[in-house]
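Participant: Contents of protein-v1.tsv (TSV, C-alpha atoms) are below:
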```
chain	number	residue	atom	x	y	z
A	902	MET	CA	84.90	151.28	115.31
A	903	LYS	CA	81.99	149.37	113.77
A	904	ARG	CA	84.31	146.45	113.03
A	905	ILE	CA	85.60	146.48	116.61
A	906	PHE	CA	82.05	146.56	117.98
A	907	LEU	CA	80.96	143.62	115.81
A	908	PHE	CA	84.11	141.69	116.72
A	909	LEU	CA	83.49	142.18	120.45
A	910	LEU	CA	79.78	141.48	120.13
A	911	THR	CA	80.43	138.17	118.37
A	912	ASN	CA	82.86	136.96	121.03
A	913	ILE	CA	80.65	138.14	123.91
A	914	ALA	CA	77.60	136.47	122.34
A	915	ILE	CA	79.38	133.15	121.98
A	916	MET	CA	80.65	133.23	125.56
A	917	LEU	CA	77.23	134.24	126.89
A	918	VAL	CA	75.53	131.37	125.07
A	919	ILE	CA	78.05	128.89	126.50
A	920	THR	CA	77.61	130.46	129.95
A	921	ILE	CA	73.83	129.98	129.75
A	922	ILE	CA	74.30	126.33	128.76
A	923	ILE	CA	76.71	125.86	131.68
A	924	ASN	CA	74.17	127.33	134.12
A	925	ILE	CA	71.31	125.20	132.73
A	926	PHE	CA	73.29	122.06	133.47
A	927	GLY	CA	74.36	123.33	136.90
A	928	LEU	CA	78.06	123.57	136.08
A	929	GLY	CA	78.16	127.16	137.23
A	930	GLN	CA	78.38	126.00	140.85
A	931	ILE	CA	82.14	125.61	140.47
A	932	LEU	CA	82.37	129.38	140.16
A	933	ASP	CA	81.39	129.73	143.80
A	934	ALA	CA	82.82	126.87	145.83
A	935	GLN	CA	80.60	126.24	148.85
A	936	GLY	CA	78.98	129.64	148.30
A	937	VAL	CA	81.90	131.55	149.78
A	938	ASP	CA	84.99	131.80	147.58
A	939	LEU	CA	85.79	131.18	143.94
A	940	ASP	CA	87.39	127.88	143.05
A	941	LEU	CA	90.08	129.50	140.91
A	942	SER	CA	91.49	126.32	139.38
A	943	SER	CA	88.05	125.12	138.30
A	944	LEU	CA	87.15	128.60	137.05
A	945	LEU	CA	90.32	128.71	134.97
A	946	MET	CA	89.56	125.33	133.39
A	947	LEU	CA	86.01	126.40	132.64
A	948	SER	CA	87.26	129.71	131.21
A	949	ALA	CA	89.61	127.83	128.88
A	950	VAL	CA	86.76	125.67	127.60
A	951	VAL	CA	84.52	128.69	127.03
A	952	GLY	CA	87.24	130.87	125.48
A	953	VAL	CA	88.80	128.33	123.15
A	954	THR	CA	85.48	126.78	122.13
A	955	GLY	CA	84.07	130.11	120.98
A	956	SER	CA	87.17	130.95	119.00
A	957	PHE	CA	87.39	127.61	117.22
A	958	ILE	CA	83.68	127.55	116.45
A	959	SER	CA	84.24	130.79	114.57
A	960	LEU	CA	87.28	129.32	112.78
A	961	ALA	CA	85.44	126.12	111.84
A	962	MET	CA	82.66	128.20	110.30
A	963	SER	CA	85.01	130.66	108.59
A	964	LYS	CA	84.99	129.13	105.10
A	965	SER	CA	81.24	128.78	104.83
A	966	MET	CA	80.69	132.22	106.38
A	967	ALA	CA	83.19	133.79	103.98
A	968	LYS	CA	81.51	132.25	100.95
A	969	HIS	CA	78.07	133.31	102.14
A	970	SER	CA	78.96	136.88	103.16
A	971	THR	CA	80.86	137.67	99.94
A	972	GLY	CA	78.82	135.54	97.55
A	973	ALA	CA	82.06	133.92	96.43
A	974	TYR	CA	81.93	131.56	93.44
A	975	VAL	CA	84.23	128.55	93.92
A	976	ILE	CA	85.97	127.49	90.71
A	977	THR	CA	85.45	123.76	90.39
A	978	GLN	CA	86.05	123.67	86.64
A	979	PRO	CA	87.66	126.71	85.00
A	980	GLN	CA	85.33	128.26	82.44
A	981	ASN	CA	87.76	130.67	80.78
A	982	GLU	CA	91.44	131.59	80.48
A	983	GLN	CA	91.33	133.91	83.49
A	984	GLU	CA	89.91	131.24	85.79
A	985	GLN	CA	92.42	128.71	84.44
A	986	TRP	CA	95.28	131.12	85.15
A	987	LEU	CA	93.94	131.78	88.65
A	988	VAL	CA	93.68	128.10	89.57
A	989	SER	CA	97.05	127.27	88.01
A	990	THR	CA	98.78	130.12	89.86
A	991	VAL	CA	97.38	129.08	93.24
A	992	ALA	CA	98.26	125.44	92.54
A	993	ARG	CA	101.85	126.37	91.70
A	994	GLN	CA	102.23	128.54	94.78
A	995	ALA	CA	100.58	125.99	97.08
A	996	GLN	CA	103.01	123.32	95.90
A	997	ALA	CA	105.96	125.65	96.46
A	998	ALA	CA	104.67	126.52	99.93
A	999	GLY	CA	104.13	122.85	100.84
A	1000	ILE	CA	100.37	122.96	101.43
A	1001	GLY	CA	97.37	121.21	99.93
A	1002	MET	CA	95.52	122.84	97.07
A	1003	PRO	CA	93.11	125.47	98.47
A	1004	GLU	CA	89.67	126.09	97.06
A	1005	VAL	CA	89.91	129.05	94.69
A	1006	ALA	CA	87.04	131.50	94.46
A	1007	ILE	CA	86.04	134.82	92.92
A	1008	TYR	CA	83.62	137.25	94.53
A	1009	ASN	CA	81.91	140.18	92.87
A	1010	SER	CA	83.19	143.46	94.33
A	1011	PRO	CA	84.72	146.60	92.80
A	1012	ASP	CA	87.42	146.90	95.48
A	1013	ILE	CA	90.88	145.44	94.96
A	1014	ASN	CA	91.10	142.76	97.63
A	1015	ALA	CA	91.60	139.09	98.40
A	1016	PHE	CA	91.44	136.86	101.45
A	1017	ALA	CA	92.33	133.40	102.70
A	1018	THR	CA	90.60	131.45	105.43
A	1019	GLY	CA	90.00	127.92	106.67
A	1020	MET	CA	90.72	125.75	109.68
A	1021	LEU	CA	93.33	123.48	108.05
A	1022	ARG	CA	96.42	124.23	105.97
A	1023	ASN	CA	95.40	121.53	103.49
A	1024	ASN	CA	91.74	122.53	103.32
A	1025	SER	CA	91.63	126.30	102.94
A	1026	LEU	CA	90.01	128.91	100.73
A	1027	VAL	CA	91.71	131.64	98.69
A	1028	ALA	CA	89.38	134.19	97.14
A	1029	VAL	CA	89.93	137.29	95.02
A	1030	SER	CA	87.60	140.11	94.07
A	1031	THR	CA	86.58	140.92	90.50
A	1032	GLY	CA	88.01	144.36	91.20
A	1033	LEU	CA	91.44	142.82	91.82
A	1034	LEU	CA	91.32	140.83	88.58
A	1035	GLN	CA	90.34	143.95	86.64
A	1036	GLY	CA	92.52	146.48	88.47
A	1037	MET	CA	95.85	144.66	88.82
A	1038	THR	CA	98.39	143.34	86.39
A	1039	ARG	CA	99.02	139.60	86.36
A	1040	ASP	CA	102.32	140.11	88.21
A	1041	GLU	CA	100.60	142.12	90.94
A	1042	ALA	CA	97.75	139.62	91.23
A	1043	GLU	CA	100.26	136.77	91.52
A	1044	ALA	CA	101.91	138.58	94.43
A	1045	VAL	CA	98.57	139.02	96.19
A	1046	LEU	CA	97.74	135.34	95.71
A	1047	ALA	CA	101.18	134.43	97.07
A	1048	HIS	CA	100.48	136.63	100.11
A	1049	GLU	CA	97.25	134.72	100.81
A	1050	VAL	CA	98.88	131.33	100.20
A	1051	SER	CA	101.61	132.35	102.66
A	1052	HIS	CA	98.94	133.08	105.28
A	1053	VAL	CA	97.70	129.51	104.85
A	1054	ALA	CA	101.22	128.02	104.85
A	1055	ASN	CA	102.08	129.95	108.03
A	1056	GLY	CA	98.98	128.59	109.76
A	1057	ASP	CA	97.90	132.16	110.52
A	1058	MET	CA	94.18	131.43	110.80
A	1059	VAL	CA	94.73	128.70	113.39
A	1060	THR	CA	97.30	130.76	115.31
A	1061	LEU	CA	94.94	133.74	115.34
A	1062	ALA	CA	92.17	131.49	116.68
A	1063	LEU	CA	94.50	130.14	119.38
A	1064	ILE	CA	95.49	133.64	120.48
A	1065	GLN	CA	91.84	134.70	120.46
A	1066	GLY	CA	91.03	131.62	122.54
A	1067	VAL	CA	93.72	132.45	125.09
A	1068	VAL	CA	92.63	136.07	125.49
A	1069	ASN	CA	88.98	134.95	125.66
A	1070	THR	CA	90.00	132.60	128.47
A	1071	PHE	CA	91.53	135.38	130.54
A	1072	VAL	CA	88.70	137.79	129.79
A	1073	PHE	CA	86.18	135.21	131.02
A	1074	PHE	CA	88.32	134.34	134.04
A	1075	LEU	CA	89.33	137.83	135.17
A	1076	SER	CA	85.89	139.36	134.64
A	1077	ARG	CA	84.39	136.82	137.04
A	1078	VAL	CA	87.16	137.33	139.58
A	1079	VAL	CA	86.53	141.09	139.44
A	1080	GLY	CA	82.79	140.53	139.76
A	1081	HIS	CA	83.29	138.24	142.74
A	1082	ILE	CA	85.59	140.69	144.55
A	1083	ILE	CA	83.24	143.65	144.01
A	1084	ASP	CA	80.27	141.59	145.10
A	1085	ARG	CA	82.01	140.52	148.32
A	1086	LEU	CA	83.91	143.67	149.32
A	1087	VAL	CA	81.62	146.45	148.07
A	1088	PHE	CA	78.14	144.95	148.22
A	1089	LYS	CA	78.89	142.63	151.17
A	1090	THR	CA	77.26	139.55	149.67
A	1091	GLU	CA	78.21	136.70	151.99
A	1092	ARG	CA	77.00	133.64	150.12
A	1093	GLY	CA	76.24	133.01	146.46
A	1094	HIS	CA	76.24	135.93	144.08
A	1095	GLY	CA	73.99	138.98	144.01
A	1096	PRO	CA	72.94	141.11	141.01
A	1097	ALA	CA	76.09	143.24	141.43
A	1098	TYR	CA	78.22	140.23	140.53
A	1099	TRP	CA	76.55	139.77	137.15
A	1100	VAL	CA	76.48	143.48	136.32
A	1101	THR	CA	80.14	143.93	137.27
A	1102	THR	CA	81.14	140.80	135.39
A	1103	ILE	CA	79.51	142.00	132.17
A	1104	ILE	CA	81.14	145.44	132.45
A	1105	ALA	CA	84.54	143.91	133.23
A	1106	GLN	CA	84.16	141.47	130.35
A	1107	LEU	CA	83.45	144.33	127.95
A	1108	VAL	CA	86.42	146.43	129.15
A	1109	LEU	CA	88.83	143.49	129.20
A	1110	GLY	CA	87.51	142.40	125.81
A	1111	ILE	CA	88.55	145.73	124.31
A	1112	LEU	CA	92.06	145.36	125.76
A	1113	ALA	CA	92.20	141.76	124.52
A	1114	THR	CA	91.21	142.87	121.03
A	1115	ALA	CA	94.25	145.17	120.93
A	1116	ILE	CA	96.46	142.14	121.61
A	1117	VAL	CA	94.82	140.08	118.87
A	1118	MET	CA	95.09	142.93	116.39
A	1119	TRP	CA	98.80	143.33	117.21
A	1120	PHE	CA	99.35	139.73	116.15
A	1121	SER	CA	97.19	140.26	113.07
A	1122	ARG	CA	99.44	143.15	111.99
A	1123	HIS	CA	102.58	141.10	112.68
A	1124	ARG	CA	101.39	138.22	110.50
A	1125	GLU	CA	100.92	140.59	107.55
A	1126	TYR	CA	104.65	141.27	107.47
A	1127	ARG	CA	105.34	137.53	107.45
A	1128	ALA	CA	102.85	136.95	104.63
A	1129	ASP	CA	104.41	139.81	102.64
A	1130	ALA	CA	107.82	138.18	103.09
A	1131	GLY	CA	106.33	134.84	102.00
A	1132	ALA	CA	104.92	136.45	98.87
A	1133	ALA	CA	108.31	138.03	98.16
A	1134	TYR	CA	109.90	134.59	98.43
A	1135	LEU	CA	107.33	132.93	96.14
A	1136	GLU	CA	106.98	135.64	93.49
A	1137	GLY	CA	109.70	138.25	94.12
A	1138	LYS	CA	109.60	141.32	96.34
A	1139	HIS	CA	109.22	143.76	93.45
A	1140	LYS	CA	105.91	142.16	92.48
A	1141	MET	CA	104.66	142.44	96.05
A	1142	ILE	CA	105.77	146.06	96.37
A	1143	SER	CA	104.00	146.87	93.12
A	1144	ALA	CA	100.83	145.17	94.39
A	1145	LEU	CA	100.90	147.14	97.66
A	1146	GLU	CA	101.47	150.39	95.77
A	1147	ARG	CA	98.43	149.56	93.65
A	1148	LEU	CA	96.43	148.99	96.84
A	1149	GLN	CA	97.49	152.42	98.11
A	1150	LYS	CA	95.80	154.02	95.12
A	1151	SER	CA	92.53	152.23	95.94
A	1152	ALA	CA	92.65	152.84	99.71
A	1153	ASN	CA	89.39	154.80	99.72
A	1154	GLN	CA	87.37	152.11	97.96
A	1155	ALA	CA	84.97	149.74	99.75
A	1156	HIS	CA	86.50	146.84	101.65
A	1157	LEU	CA	85.54	143.33	102.67
A	1158	PRO	CA	82.62	142.68	105.03
A	1159	GLU	CA	83.51	143.72	108.58
A	1160	GLN	CA	83.95	140.15	109.86
A	1161	LEU	CA	86.46	139.36	107.09
A	1162	GLU	CA	88.66	142.47	107.15
A	1163	ALA	CA	91.38	140.78	109.20
A	1164	PHE	CA	91.69	138.10	106.48
A	1165	GLY	CA	91.99	140.52	103.56
A	1166	ILE	CA	95.10	141.84	101.86
A	1167	SER	CA	94.92	145.50	102.88
A	1168	GLY	CA	92.52	146.16	105.78
A	1169	GLY	CA	91.42	149.68	106.73
A	1170	MET	CA	93.12	152.88	107.82
A	1171	ALA	CA	93.28	154.52	111.25
A	1172	THR	CA	95.20	157.08	113.28
A	1173	GLY	CA	95.91	157.68	116.97
A	1174	LEU	CA	94.58	155.09	119.39
A	1175	LYS	CA	92.58	153.47	116.61
A	1176	ARG	CA	95.87	152.13	115.25
A	1177	LEU	CA	95.84	149.66	118.15
A	1178	PHE	CA	92.78	148.06	116.60
A	1179	MET	CA	94.01	147.92	113.00
A	1180	SER	CA	94.13	144.39	111.59
A	1181	HIS	CA	96.78	145.44	109.03
A	1182	PRO	CA	99.82	147.74	109.23
A	1183	PRO	CA	99.75	150.86	107.02
A	1184	LEU	CA	100.59	149.99	103.43
A	1185	SER	CA	103.46	152.49	103.42
A	1186	GLU	CA	105.13	150.66	106.33
A	1187	ARG	CA	104.69	147.28	104.66
A	1188	ILE	CA	106.27	148.61	101.48
A	1189	GLU	CA	109.23	150.01	103.44
A	1190	VAL	CA	109.80	146.69	105.20
A	1191	LEU	CA	109.75	144.83	101.88
A	1192	ARG	CA	112.25	147.23	100.35
A	1193	ASN	CA	114.65	146.46	103.18
A	1194	ILE	CA	114.46	142.70	102.54
A	1195	SER	CA	117.63	141.49	100.84
A	1196	ASN	CA	117.15	140.00	97.38
```
Could you rewrite the structure in this file as structure tokens?

Facilitator:
Amino acid sequence: MKRIFLFLLTNIAIMLVITIIINIFGLGQILDAQGVDLDLSSLLMLSAVVGVTGSFISLAMSKSMAKHSTGAYVITQPQNEQEQWLVSTVARQAQAAGIGMPEVAIYNSPDINAFATGMLRNNSLVAVSTGLLQGMTRDEAEAVLAHEVSHVANGDMVTLALIQGVVNTFVFFLSRVVGHIIDRLVFKTERGHGPAYWVTTIIAQLVLGILATAIVMWFSRHREYRADAGAAYLEGKHKMISALERLQKSANQAHLPEQLEAFGISGGMATGLKRLFMSHPPLSERIEVLRNISN
């Protein structure tokens, strides 16, 4: 739940900052045409700007934020055989996947994990933990790297940002429509907007944001299956199954920072309604899907 809270807080904060800027410059007047009714077409356009802008700001900052939050060391010149193998493997897979060479990094962490991020397919970052390099065989590590390269090749980071932007748009739009209706019908405000509008809008934005997060997380889980299939294509499904089985054994270890969990290889675990907010499917389900892929 902490990850969900931070995720919602980040999106709400970005939209609130943009809203404040809009009000400072007087653009908020389009939300209340002539002080009586909402100008829905203008509100929708404004909502799209606010929603998509916030999402793509986060995406544009993703590489630098990932490096900073994990303390990742980018390999510019391999210093040993392990770093040379890591760079060579990613280069081979990137060529096979038809993308530009990503930056390759290592971050110090005991957990077995890896992630990929970046705004462009030809300018991305693939990072692995020291725990992965120490706790996996070369075959298993190659499968994990292929999984992350497949994320980049599939354009998953950009698609996730687009989906987040769309749901942000409707959260921004619908929360203000709800606020307007409550303000007019319940509190009988005839012109402009009273305090009830802002309070209702914030509450509606929070509730709708939770529902929107479930949609985004559904896509996040779906893309993991595609990346697993991509890894199976690049390195063989048996390597990927072996890597996922290895991850099962380390499921109780520490994971990536909260803001990067959706970009990692394994994600967390949850049951019941919390499954709706999982960024990754259960490892057992991913293994079963891979086993059913024809050779």

Participant: Write out as a VMD selection string each polymer residue whose atoms come within 12 Å of Ala997 (chain A), counting all atoms listed in the file; drop sequence neighbours fewer than 6 positions from it.

Facilitator: chain A and resid 990 to 991 1047 1050 to 1051 1054 1131 to 1132 1134 to 1136

Participant: Taking into account all atoms listed in the file, which residue in the set A:Leu1033, A:Ile1116, A:Val1078, A:Leu1177 is nearest to Leu944 (chain A)?

Facilitator: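 Looking at the shortest contact to Leu944 (chain A), the residue is A:Val1078.
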
Participant: Would you please work out which residue, of A:Ile1103, A:Ile958, A:Leu987, A:Val1108, is nearest to Asp1040 (chain A) when using all atoms listed in the file?

Facilitator: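 Checking each candidate against Asp1040 (chain A), we get A:Leu987 as the closest.
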
Participant: Ile1000 (chain A): which residues within 10 Å, counting all atoms listed in the file, same-chain residues fewer than 2 positions away excluded, as a PyMOL selection string?

Facilitator: chain A and resi 992+994-998+1002-1003+1021-1025+1050-1051+1053-1055

Participant: Could you state the separation of CA of Asp1129 (chain A) and CA of Ser989 (chain A) in Å, given to one decimal place?

Facilitator: 20.6 Å

Participant: Show me as a PyMOL selection string the residues that reach within 12 Å of (109.6, 140.3, 100.5), counting all atoms listed in the file and using the file's own coordinates.

Facilitator: chain A and resi 1044-1045+1047-1048+1051+1125-1145+1187-1196

Participant: Is there a way to get, as a list in words, all residues within 12 Å of the point (96.0, 131.5, 126.1) in file coordinates, counting all atoms listed in the file?

Facilitator: Leu945, Met946, Ser948, Ala949, Val950, Val951, Gly952, Val953, Ser956, Thr1060, Leu1061, Ala1062, Leu1063, Ile1064, Gln1065, Gly1066, Val1067, Val1068, Asn1069, Thr1070, Phe1071, Val1072, Phe1073, Phe1074, Ala1113, Ile1116 and Val1117 of chain A

Participant: Using only C-alpha atoms, which residue out of A:Ser1121, A:Ser1076, A:Gln978, A:Asn1009 lies closest to Thr1102 (chain A)?

Facilitator: A:Ser1076

Participant: Identify which of the residues A:Thr1031, A:Thr1114, A:Thr954, A:Asn1014 lies closest to Arg1147 (chain A), counting all atoms listed in the file when measuring atom-to-atom distances.

Facilitator: A:Asn1014

Participant: Leaving out Gly1095 (chain A) and any residue of its chain fewer than 3 positions from it, which residues lie within 10 Å of it when counting all atoms listed in the file, given as a list in words?

Facilitator: Gly1080, His1081, Asp1084, Arg1085, Phe1088, Lys1089, Thr1090, Glu1091, Arg1092, Tyr1098, Trp1099 and Val1100 of chain A

Participant: Export, as a compact mmCIF listing (two decimals), in the frame of the given file, the selected residues with C-alpha atoms.

Facilitator:
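Contents of part28.txt, freshly written:
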```txt
# COMPACT_ATOMS: atom_id res chain seq x y z
CA GLY A 1080 82.79 140.53 139.76
CA HIS A 1081 83.29 138.24 142.74
CA ASP A 1084 80.27 141.59 145.10
CA ARG A 1085 82.01 140.52 148.32
CA PHE A 1088 78.14 144.95 148.22
CA LYS A 1089 78.89 142.63 151.17
CA THR A 1090 77.26 139.55 149.67
CA GLU A 1091 78.21 136.70 151.99
CA ARG A 1092 77.00 133.64 150.12
CA TYR A 1098 78.22 140.23 140.53
CA TRP A 1099 76.55 139.77 137.15
CA VAL A 1100 76.48 143.48 136.32
```

Participant: Report, in Å to a single decimal, how far apart CA of Val1027 (chain A) and CA of Ala967 (chain A) are.

Facilitator: 10.3 Å

Participant: Record the distance separating CA of Ile1082 (chain A) and CA of Ala1105 (chain A), expressed in Å with one decimal.

Facilitator: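 Separating CA of Ile1082 (chain A) from CA of Ala1105 (chain A) is a distance of 11.8 Å.
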